[in-house]
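The structure file start30.csv is reproduced below (CSV, C-alpha atoms and all ligand atoms).
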```csv
chain,number,residue,atom,x,y,z
S,1,MET,CA,0.0,0.0,0.0
S,2,ASN,CA,1.3,3.4,-0.9
S,3,LYS,CA,0.5,5.6,2.1
S,4,GLN,CA,1.4,8.9,0.5
S,5,GLU,CA,-0.9,8.1,-2.4
S,6,ILE,CA,-3.8,7.3,0.0
S,7,TYR,CA,-3.1,10.5,1.9
S,8,ARG,CA,-3.2,12.6,-1.2
S,9,PHE,CA,-6.4,11.0,-2.5
S,10,THR,CA,-8.1,11.3,0.9
S,11,LYS,CA,-7.3,15.1,1.2
S,12,GLU,CA,-8.4,15.7,-2.4
S,13,TRP,CA,-11.7,13.8,-2.0
S,14,VAL,CA,-12.5,15.2,1.4
S,15,TYR,CA,-11.9,18.7,0.0
S,16,GLU,CA,-14.2,18.0,-3.0
S,17,ALA,CA,-16.9,16.7,-0.7
S,18,GLY,CA,-16.5,19.8,1.4
S,19,VAL,CA,-17.2,22.0,-1.6
S,20,ILE,CA,-20.5,20.1,-2.2
S,21,LEU,CA,-21.5,20.6,1.4
S,22,ARG,CA,-20.6,24.2,1.5
S,23,GLU,CA,-22.7,24.9,-1.5
S,24,SER,CA,-25.6,22.9,-0.1
S,25,VAL,CA,-26.1,24.8,3.2
S,26,THR,CA,-28.3,27.4,1.5
S,27,MET,CA,-30.5,24.7,-0.1
S,28,ASP,CA,-33.7,23.2,1.3
S,29,LEU,CA,-32.7,19.8,2.9
S,30,GLU,CA,-34.7,16.7,3.2
S,31,VAL,CA,-34.3,15.9,6.9
S,32,GLU,CA,-35.3,12.4,8.3
S,33,TYR,CA,-35.2,11.0,11.8
S,34,LYS,CA,-33.1,7.8,12.4
S,35,THR,CA,-33.5,6.5,16.0
S,36,SER,CA,-35.1,9.7,17.5
S,37,ALA,CA,-36.0,13.3,16.8
S,38,ALA,CA,-32.5,14.2,17.9
S,39,ASP,CA,-30.9,11.7,15.5
S,40,LEU,CA,-31.0,13.4,12.0
S,41,VAL,CA,-30.0,12.4,8.6
S,42,THR,CA,-30.2,14.3,5.3
S,43,GLU,CA,-29.9,13.4,1.7
S,44,LYS,CA,-26.5,15.0,1.8
S,45,ASP,CA,-25.2,12.5,4.4
S,46,LYS,CA,-26.0,9.7,2.0
S,47,GLU,CA,-24.9,11.5,-1.1
S,48,ILE,CA,-21.5,12.4,0.4
S,49,GLU,CA,-20.9,8.9,1.7
S,50,MET,CA,-21.8,7.5,-1.8
S,51,PHE,CA,-19.3,9.9,-3.3
S,52,PHE,CA,-16.6,8.3,-1.1
S,53,VAL,CA,-17.7,4.8,-1.8
S,54,LYS,CA,-17.5,5.4,-5.5
S,55,LYS,CA,-14.1,7.0,-5.3
S,56,ILE,CA,-12.6,4.4,-3.0
S,57,ASN,CA,-14.1,1.4,-5.0
S,58,ALA,CA,-12.8,2.8,-8.3
S,59,THR,CA,-9.3,3.6,-7.0
S,60,PHE,CA,-8.8,0.9,-4.4
S,61,PRO,CA,-11.2,-2.0,-5.2
S,62,ASN,CA,-9.7,-4.2,-2.4
S,63,HIS,CA,-10.2,-1.8,0.4
S,64,TYR,CA,-13.0,-2.1,2.9
S,65,ILE,CA,-15.4,0.8,3.8
S,66,LEU,CA,-17.1,1.5,7.1
S,67,GLY,CA,-19.4,4.5,6.8
S,68,GLU,CA,-22.1,5.8,9.1
S,69,GLU,CA,-24.9,5.6,6.5
S,70,ASP,CA,-24.0,2.1,5.4
S,71,THR,CA,-24.0,2.8,1.7
S,72,ALA,CA,-21.2,0.5,0.7
S,73,SER,CA,-22.6,-2.7,-0.8
S,74,ASP,CA,-21.3,-6.1,-1.8
S,75,GLN,CA,-18.3,-6.0,0.6
S,76,LYS,CA,-16.7,-9.3,1.4
S,77,ASP,CA,-16.5,-10.5,5.0
S,78,TYR,CA,-13.4,-8.8,6.4
S,79,ASN,CA,-10.9,-9.0,9.2
S,80,PRO,CA,-9.9,-5.4,9.9
S,81,GLN,CA,-6.5,-6.6,11.2
S,82,ASN,CA,-5.8,-7.9,7.8
S,83,GLU,CA,-7.1,-5.2,5.4
S,84,VAL,CA,-7.1,-1.5,4.5
S,85,VAL,CA,-10.2,0.0,6.1
S,86,TRP,CA,-11.7,3.4,5.4
S,87,LEU,CA,-13.7,4.9,8.3
S,88,VAL,CA,-16.0,7.5,6.7
S,89,ASP,CA,-18.3,10.0,8.4
S,90,PRO,CA,-19.8,12.0,5.5
S,91,ILE,CA,-21.2,14.7,7.8
S,92,ASP,CA,-20.2,14.7,11.4
S,93,GLY,CA,-22.5,17.2,13.2
S,94,THR,CA,-25.6,16.7,11.0
S,95,THR,CA,-27.7,18.5,13.6
S,96,ASN,CA,-25.4,21.5,13.2
S,97,PHE,CA,-25.5,21.1,9.4
S,98,VAL,CA,-29.3,21.3,9.6
S,99,HIS,CA,-29.7,24.0,12.3
S,100,GLN,CA,-26.6,26.1,12.3
S,101,LYS,CA,-25.2,25.7,8.8
S,102,ARG,CA,-21.8,25.5,10.4
S,103,ASN,CA,-19.8,23.5,13.0
S,104,PHE,CA,-19.9,20.3,11.0
S,105,CYS,CA,-17.2,18.4,9.1
S,106,ILE,CA,-16.2,15.4,7.0
S,107,SER,CA,-14.1,12.9,8.7
S,108,VAL,CA,-12.1,10.1,7.0
S,109,GLY,CA,-9.6,7.8,8.6
S,110,VAL,CA,-7.7,5.0,6.9
S,111,TYR,CA,-6.3,2.0,8.8
S,112,ASP,CA,-3.9,-0.6,7.4
S,113,ASN,CA,-3.8,-4.0,9.1
S,114,GLY,CA,-5.4,-2.4,12.2
S,115,LYS,CA,-3.0,0.5,12.4
S,116,PRO,CA,-3.9,4.2,11.9
S,117,VAL,CA,-2.4,5.6,8.7
S,118,VAL,CA,-4.2,8.7,7.5
S,119,GLY,CA,-6.7,11.0,9.2
S,120,VAL,CA,-8.4,13.9,7.5
S,121,ILE,CA,-11.1,16.2,9.1
S,122,TYR,CA,-12.4,19.1,7.0
S,123,ASP,CA,-14.6,21.9,8.2
S,124,PRO,CA,-15.8,23.4,4.8
S,125,ILE,CA,-17.4,26.5,6.3
S,126,SER,CA,-14.2,27.7,8.0
S,127,ASP,CA,-12.1,26.1,5.3
S,128,GLU,CA,-10.0,24.3,7.8
S,129,MET,CA,-8.5,20.9,7.0
S,130,PHE,CA,-6.9,19.0,9.9
S,131,HIS,CA,-4.8,16.2,8.5
S,132,ALA,CA,-2.1,13.7,9.3
S,133,LEU,CA,-0.1,10.9,7.8
S,134,ALA,CA,1.1,8.7,10.7
S,135,GLY,CA,4.7,9.6,11.6
S,136,GLU,CA,4.7,12.9,9.8
S,137,GLY,CA,2.9,15.3,12.2
S,138,VAL,CA,-0.5,17.1,12.2
S,139,TYR,CA,-1.2,19.9,9.7
S,140,LEU,CA,-3.9,22.5,9.7
S,141,ASN,CA,-4.2,23.3,6.0
S,142,ASP,CA,-0.6,23.8,5.0
S,143,GLN,CA,0.7,24.6,8.4
S,144,ARG,CA,2.5,22.0,10.6
S,145,MET,CA,0.9,22.2,14.1
S,146,LYS,CA,3.1,22.0,17.1
S,147,LEU,CA,2.2,19.9,20.1
S,148,PRO,CA,-0.7,21.5,21.9
S,149,SER,CA,0.3,23.4,25.0
S,150,LYS,CA,0.6,21.0,27.9
S,151,VAL,CA,-2.3,21.9,30.2
S,152,THR,CA,-1.7,19.6,33.2
S,153,THR,CA,-4.2,20.8,35.8
S,154,TYR,CA,-8.0,20.9,35.6
S,155,GLU,CA,-8.0,24.6,36.8
S,156,GLN,CA,-6.5,25.5,33.4
S,157,ALA,CA,-8.4,23.1,31.3
S,158,LEU,CA,-11.0,23.7,28.6
S,159,ILE,CA,-12.8,20.4,28.1
S,160,SER,CA,-15.4,19.3,25.5
S,161,MET,CA,-18.2,17.4,27.0
S,162,ASN,CA,-21.9,16.8,26.3
S,163,HIS,CA,-24.2,18.5,28.8
S,164,LEU,CA,-26.1,15.2,29.2
S,165,TRP,CA,-23.2,13.9,31.4
S,166,LEU,CA,-24.5,16.2,34.2
S,167,ALA,CA,-28.0,14.5,34.2
S,168,PRO,CA,-28.6,10.9,35.3
S,169,ASN,CA,-27.1,8.6,32.6
S,170,ASP,CA,-26.2,5.0,32.2
S,171,PHE,CA,-22.4,5.4,32.1
S,172,LEU,CA,-20.8,7.8,34.6
S,173,CYS,CA,-21.6,8.8,38.2
S,174,GLU,CA,-23.0,12.3,38.1
S,175,GLN,CA,-21.5,13.7,41.3
S,176,PRO,CA,-17.8,13.5,40.3
S,177,ILE,CA,-18.6,15.0,36.8
S,178,GLN,CA,-20.7,17.8,38.4
S,179,GLN,CA,-17.7,18.5,40.6
S,180,MET,CA,-15.6,18.6,37.5
S,181,ALA,CA,-18.0,21.2,36.0
S,182,THR,CA,-17.2,23.5,39.0
S,183,ASP,CA,-13.5,22.8,39.1
S,184,ILE,CA,-12.3,23.2,35.5
S,185,ARG,CA,-11.8,26.4,33.6
S,186,GLY,CA,-14.6,25.7,31.1
S,187,PHE,CA,-16.6,23.4,29.0
S,188,ARG,CA,-17.1,23.8,25.2
S,189,TYR,CA,-19.5,21.6,23.3
S,190,ILE,CA,-19.4,22.0,19.6
S,191,GLY,CA,-21.7,19.1,18.6
S,192,SER,CA,-19.3,17.5,16.1
S,193,ALA,CA,-17.2,14.8,17.8
S,194,ALA,CA,-14.6,14.7,14.9
S,195,LEU,CA,-14.2,18.5,15.0
S,196,GLU,CA,-13.8,18.3,18.8
S,197,LEU,CA,-11.0,15.7,18.4
S,198,ALA,CA,-9.4,17.8,15.7
S,199,TYR,CA,-9.5,20.8,18.1
S,200,VAL,CA,-7.9,18.9,20.9
S,201,SER,CA,-5.1,17.8,18.5
S,202,VAL,CA,-4.2,21.5,17.8
S,203,GLY,CA,-4.7,22.7,21.4
S,204,ARG,CA,-7.9,24.7,20.9
S,205,LEU,CA,-9.4,22.3,23.5
S,206,ASP,CA,-7.4,20.5,26.3
S,207,GLY,CA,-9.5,17.4,26.3
S,208,ALA,CA,-12.8,15.7,25.3
S,209,ILE,CA,-15.0,13.0,26.8
S,210,PHE,CA,-17.5,10.8,24.9
S,211,ALA,CA,-19.8,8.0,26.0
S,212,GLY,CA,-20.3,6.2,22.7
S,213,LEU,CA,-18.8,6.9,19.4
S,214,GLY,CA,-18.8,5.0,16.1
S,215,SER,CA,-15.6,4.1,14.4
S,216,TRP,CA,-16.4,6.8,11.8
S,217,ASP,CA,-16.6,9.4,14.5
S,218,PHE,CA,-13.1,8.9,15.9
S,219,GLY,CA,-11.3,7.1,13.0
S,220,ALA,CA,-9.6,10.3,11.7
S,221,GLY,CA,-9.3,12.1,15.0
S,222,TYR,CA,-7.5,9.2,16.7
S,223,ILE,CA,-4.6,9.6,14.3
S,224,LEU,CA,-4.3,13.3,14.8
S,225,LEU,CA,-4.3,12.8,18.6
S,226,GLN,CA,-1.8,10.0,18.5
S,227,GLU,CA,0.4,12.0,16.2
S,228,GLN,CA,0.6,14.7,18.9
S,229,GLY,CA,1.5,12.3,21.6
S,230,LEU,CA,-1.9,12.8,23.4
S,231,SER,CA,-3.5,10.0,25.5
S,232,VAL,CA,-6.6,8.4,23.9
S,233,THR,CA,-8.4,5.7,25.8
S,234,THR,CA,-11.9,4.4,26.7
S,235,LEU,CA,-13.5,5.9,29.8
S,236,ALA,CA,-12.2,2.7,31.6
S,237,GLY,CA,-8.7,3.7,30.6
S,238,ASP,CA,-8.2,0.9,28.0
S,239,GLY,CA,-6.9,1.1,24.4
S,240,ILE,CA,-9.6,1.9,21.8
S,241,ASP,CA,-10.8,-0.9,19.5
S,242,PHE,CA,-10.9,1.0,16.2
S,243,PHE,CA,-13.6,-1.1,14.6
S,244,LYS,CA,-16.2,-1.2,17.4
S,245,PRO,CA,-18.3,1.6,19.0
S,246,SER,CA,-16.3,3.0,21.9
S,247,SER,CA,-16.3,5.5,24.7
S,248,LEU,CA,-13.4,7.9,24.5
S,249,LEU,CA,-11.3,10.1,26.8
S,250,THR,CA,-8.5,12.2,25.4
S,251,SER,CA,-6.1,14.9,26.7
S,252,SER,CA,-2.4,15.3,27.6
S,253,LYS,CA,-1.1,12.4,29.5
S,254,GLU,CA,-0.9,14.4,32.7
S,255,LEU,CA,-4.5,15.8,32.5
S,256,HIS,CA,-5.8,12.4,31.4
S,257,GLN,CA,-4.6,10.9,34.7
S,258,VAL,CA,-6.1,13.7,36.8
S,259,VAL,CA,-9.5,13.6,35.1
S,260,GLN,CA,-9.7,9.8,35.1
S,261,SER,CA,-8.7,9.4,38.8
S,262,ASN,CA,-10.7,12.4,40.1
S,263,TYR,CA,-13.8,12.7,38.0
S,264,ILE,CA,-14.6,9.5,36.0
S,265,ARG,CA,-16.5,6.9,38.0
S,266,LEU,CA,-18.0,4.2,35.8
S,267,LYS,CA,-21.4,3.0,36.9
S,301,LIG,P1,-23.3,12.7,13.6
S,301,LIG,O1,-23.6,14.1,13.4
S,301,LIG,O2,-22.4,12.1,12.5
S,301,LIG,O3,-24.5,11.8,13.8
S,301,LIG,C1,-23.2,15.2,18.3
S,301,LIG,O4,-23.2,15.3,19.7
S,301,LIG,C2,-22.0,14.3,18.0
S,301,LIG,O5,-22.3,12.9,18.4
S,301,LIG,C3,-21.8,14.2,16.5
S,301,LIG,O6,-20.5,14.0,16.3
S,301,LIG,C4,-22.7,13.1,16.1
S,301,LIG,O7,-22.3,12.5,14.9
S,301,LIG,C5,-22.4,12.1,17.2
S,301,LIG,N1,-23.3,11.0,17.4
S,301,LIG,C6,-23.0,9.7,17.4
S,301,LIG,N2,-24.1,9.0,17.5
S,301,LIG,C7,-25.2,9.8,17.6
S,301,LIG,C8,-26.6,9.6,17.7
S,301,LIG,N3,-27.1,8.3,17.8
S,301,LIG,N4,-27.4,10.6,17.7
S,301,LIG,C9,-26.8,11.9,17.5
S,301,LIG,N5,-25.5,12.1,17.5
S,301,LIG,C10,-24.7,11.1,17.5
S,302,CA,CA,-25.6,10.5,12.5
S,303,CA,CA,-20.5,11.3,13.5
S,304,CA,CA,-22.5,11.5,10.4
```
Just dump the structure as structure tokens.
Amino acid sequence: MNKQEIYRFTKEWVYEAGVILRESVTMDLEVEYKTSAADLVTEKDKEIEMFFVKKINATFPNHYILGEEDTASDQKDYNPQNEVVWLVDPIDGTTNFVHQKRNFCISVGVYDNGKPVVGVIYDPISDEMFHALAGEGVYLNDQRMKLPSKVTTYEQALISMNHLWLAPNDFLCEQPIQQMATDIRGFRYIGSAALELAYVSVGRLDGAIFAGLGSWDFGAGYILLQEQGLSVTTLAGDGIDFFKPSSLLTSSKELHQVVQSNYIRLK
């Protein structure tokens, strides 16, 4: 597998898809519900995923595609540890796409034999592409991004977290998290998991906490975070299985330890 070639194609296709999305924000969208009124999908989610499926199938017919909208067909049974797998989220932040017309992105991660290789996250409204080829650093557009500043204490930390953590939920004890809400410098919730991971990777956020993400949500972001030497684990502190839904906690190593030992209590 030629990693440079895959990197180049991924950036090119993600950019092209971004142009389609940028032009579509002014159009009337067909919005449907998936599992609930808070779980939206538009015709653009499916169109953009199909765009990637066609490009990948035509260029790399042996590669496997895992997309949120499940538009890839006739794929053989696969063992992700033994294949090239594309994790595609055609629109991450569909609710923002529908309501705000901003704060959404396209996220594409490529894994070779179970190892992260390429991650590209593109916000077409701000025209910001966060991208990495494993081992070659994180870039924002053409600029190499240094390691995010090492915030090590929660008093200095700006963390991305869903407000639902503060209410009764099935995953985390509320009291320690409510304590965290009063102890840390601030919370920011963008509403696009991939964009939040990209922001952590360049130091705009110091950490992020998620209960349950799909492979397509974290596939690209994981590579950016790993490339910057940040910690990325499940809420239980284990390594992430890239090909299964997963909780996720990321930040600098020091902050990760503080947050996990003081504020994360699994139910
Ligand atoms: P999506 O826009 O691709 O669905 C919103 O809080 C963030 O959580 C988005 O990144 C969203 O991705 C993700 N998410 C994952 N599963 C979701 C679900 N079942 N309903 C809504 N958002 C979900
Ligand atoms: Ca969705
Ligand atoms: Ca998503
Ligand atoms: Ca999506």
**OP:** Dump the neighbourhood of ligand CA 302 (chain S) as a PyMOL selection string: all residues within 8 Å, distances computed on all atoms listed in the file.
**Re:** chain S and resi 34+39-41+68-69+91-94
**OP:** Write out as a ChimeraX atom specification each polymer residue whose atoms come within 12 Å of S:His256, counting all atoms listed in the file; drop sequence neighbours fewer than 5 positions from it.
**Re:** /S:150-154,157,159,206-209,230-237,248-251,261-264
**OP:** For ligand LIG 301 (chain S), collect every residue having any atom at a distance of at most 10 Å from a ligand atom (counting all atoms listed in the file); output as a ChimeraX atom specification.
**Re:** /S:33-41,45,67-69,88-98,104-107,161-164,189-197,210-218,245
Go ahead and save the picked residues with C-alpha atoms, as a CSV table (one decimal), in the coordinates of the input.
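Result file is selection-v8.csv:
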```csv
chain,number,residue,atom,x,y,z
S,33,TYR,CA,-35.2,11.0,11.8
S,34,LYS,CA,-33.1,7.8,12.4
S,35,THR,CA,-33.5,6.5,16.0
S,36,SER,CA,-35.1,9.7,17.5
S,37,ALA,CA,-36.0,13.3,16.8
S,38,ALA,CA,-32.5,14.2,17.9
S,39,ASP,CA,-30.9,11.7,15.5
S,40,LEU,CA,-31.0,13.4,12.0
S,41,VAL,CA,-30.0,12.4,8.6
S,45,ASP,CA,-25.2,12.5,4.4
S,67,GLY,CA,-19.4,4.5,6.8
S,68,GLU,CA,-22.1,5.8,9.1
S,69,GLU,CA,-24.9,5.6,6.5
S,88,VAL,CA,-16.0,7.5,6.7
S,89,ASP,CA,-18.3,10.0,8.4
S,90,PRO,CA,-19.8,12.0,5.5
S,91,ILE,CA,-21.2,14.7,7.8
S,92,ASP,CA,-20.2,14.7,11.4
S,93,GLY,CA,-22.5,17.2,13.2
S,94,THR,CA,-25.6,16.7,11.0
S,95,THR,CA,-27.7,18.5,13.6
S,96,ASN,CA,-25.4,21.5,13.2
S,97,PHE,CA,-25.5,21.1,9.4
S,98,VAL,CA,-29.3,21.3,9.6
S,104,PHE,CA,-19.9,20.3,11.0
S,105,CYS,CA,-17.2,18.4,9.1
S,106,ILE,CA,-16.2,15.4,7.0
S,107,SER,CA,-14.1,12.9,8.7
S,161,MET,CA,-18.2,17.4,27.0
S,162,ASN,CA,-21.9,16.8,26.3
S,163,HIS,CA,-24.2,18.5,28.8
S,164,LEU,CA,-26.1,15.2,29.2
S,189,TYR,CA,-19.5,21.6,23.3
S,190,ILE,CA,-19.4,22.0,19.6
S,191,GLY,CA,-21.7,19.1,18.6
S,192,SER,CA,-19.3,17.5,16.1
S,193,ALA,CA,-17.2,14.8,17.8
S,194,ALA,CA,-14.6,14.7,14.9
S,195,LEU,CA,-14.2,18.5,15.0
S,196,GLU,CA,-13.8,18.3,18.8
S,197,LEU,CA,-11.0,15.7,18.4
S,210,PHE,CA,-17.5,10.8,24.9
S,211,ALA,CA,-19.8,8.0,26.0
S,212,GLY,CA,-20.3,6.2,22.7
S,213,LEU,CA,-18.8,6.9,19.4
S,214,GLY,CA,-18.8,5.0,16.1
S,215,SER,CA,-15.6,4.1,14.4
S,216,TRP,CA,-16.4,6.8,11.8
S,217,ASP,CA,-16.6,9.4,14.5
S,218,PHE,CA,-13.1,8.9,15.9
S,245,PRO,CA,-18.3,1.6,19.0
```
**OP:** Rank nothing, just name the residue among S:Arg8, S:Arg102, S:Glu174, S:Glu49 nearest to ligand CA 304 (chain S), using only C-alpha atoms and all ligand atoms.
**Re:**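 Comparing S:Arg8, S:Arg102, S:Glu174, S:Glu49 against ligand CA 304 (chain S), the winner is S:Glu49.
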**OP:** Select, from S:Asp28, S:Leu87, S:Pro148, S:Asp241, the residue with the minimum atom-to-atom distance to S:Val120, counting all atoms listed in the file.
**Re:** S:Leu87
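You can rank S:His131, S:Arg188, S:Arg265, S:Lys55 by their closest distance to S:Asp170 using all atoms listed in the file, and at the top of that list sits S:Arg265.
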Original post:
Taking into account only C-alpha atoms and all ligand atoms, which residue in the set S:Val19, S:Cys173, S:Ile48, S:Val14 is nearest to ligand CA 304 (chain S)?
Top reply: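 Comparing S:Val19, S:Cys173, S:Ile48, S:Val14 against ligand CA 304 (chain S), the winner is S:Ile48.
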Subject >> Top pick for closest residue to ligand CA 304 (chain S), considering S:Lys44, S:Lys76, S:Lys115, S:Lys54 and counting only C-alpha atoms and all ligand atoms >> reply: S:Lys44
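Among the candidates S:Phe9, S:Trp86, S:Phe171, S:Trp165, the residue lying nearest to S:Tyr64 is S:Trp86 (atoms considered: only C-alpha atoms).
Coordinates place atom CA of S:Val258 at a distance of 18.8 Å from atom CA of S:Ser201.
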Subject >> Shell around stretch 134-139 of chain S at 8 Å using all atoms listed in the file, local window under 3 positions removed, as a list in words >> reply: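 The residues satisfying every condition are Pro116, Val117, Val118, Met129, Phe130, His131, Asp142, Gln143, Arg144, Met145, Lys146, Ser201, Ile223, Leu224, Glu227 and Gln228 of chain S.
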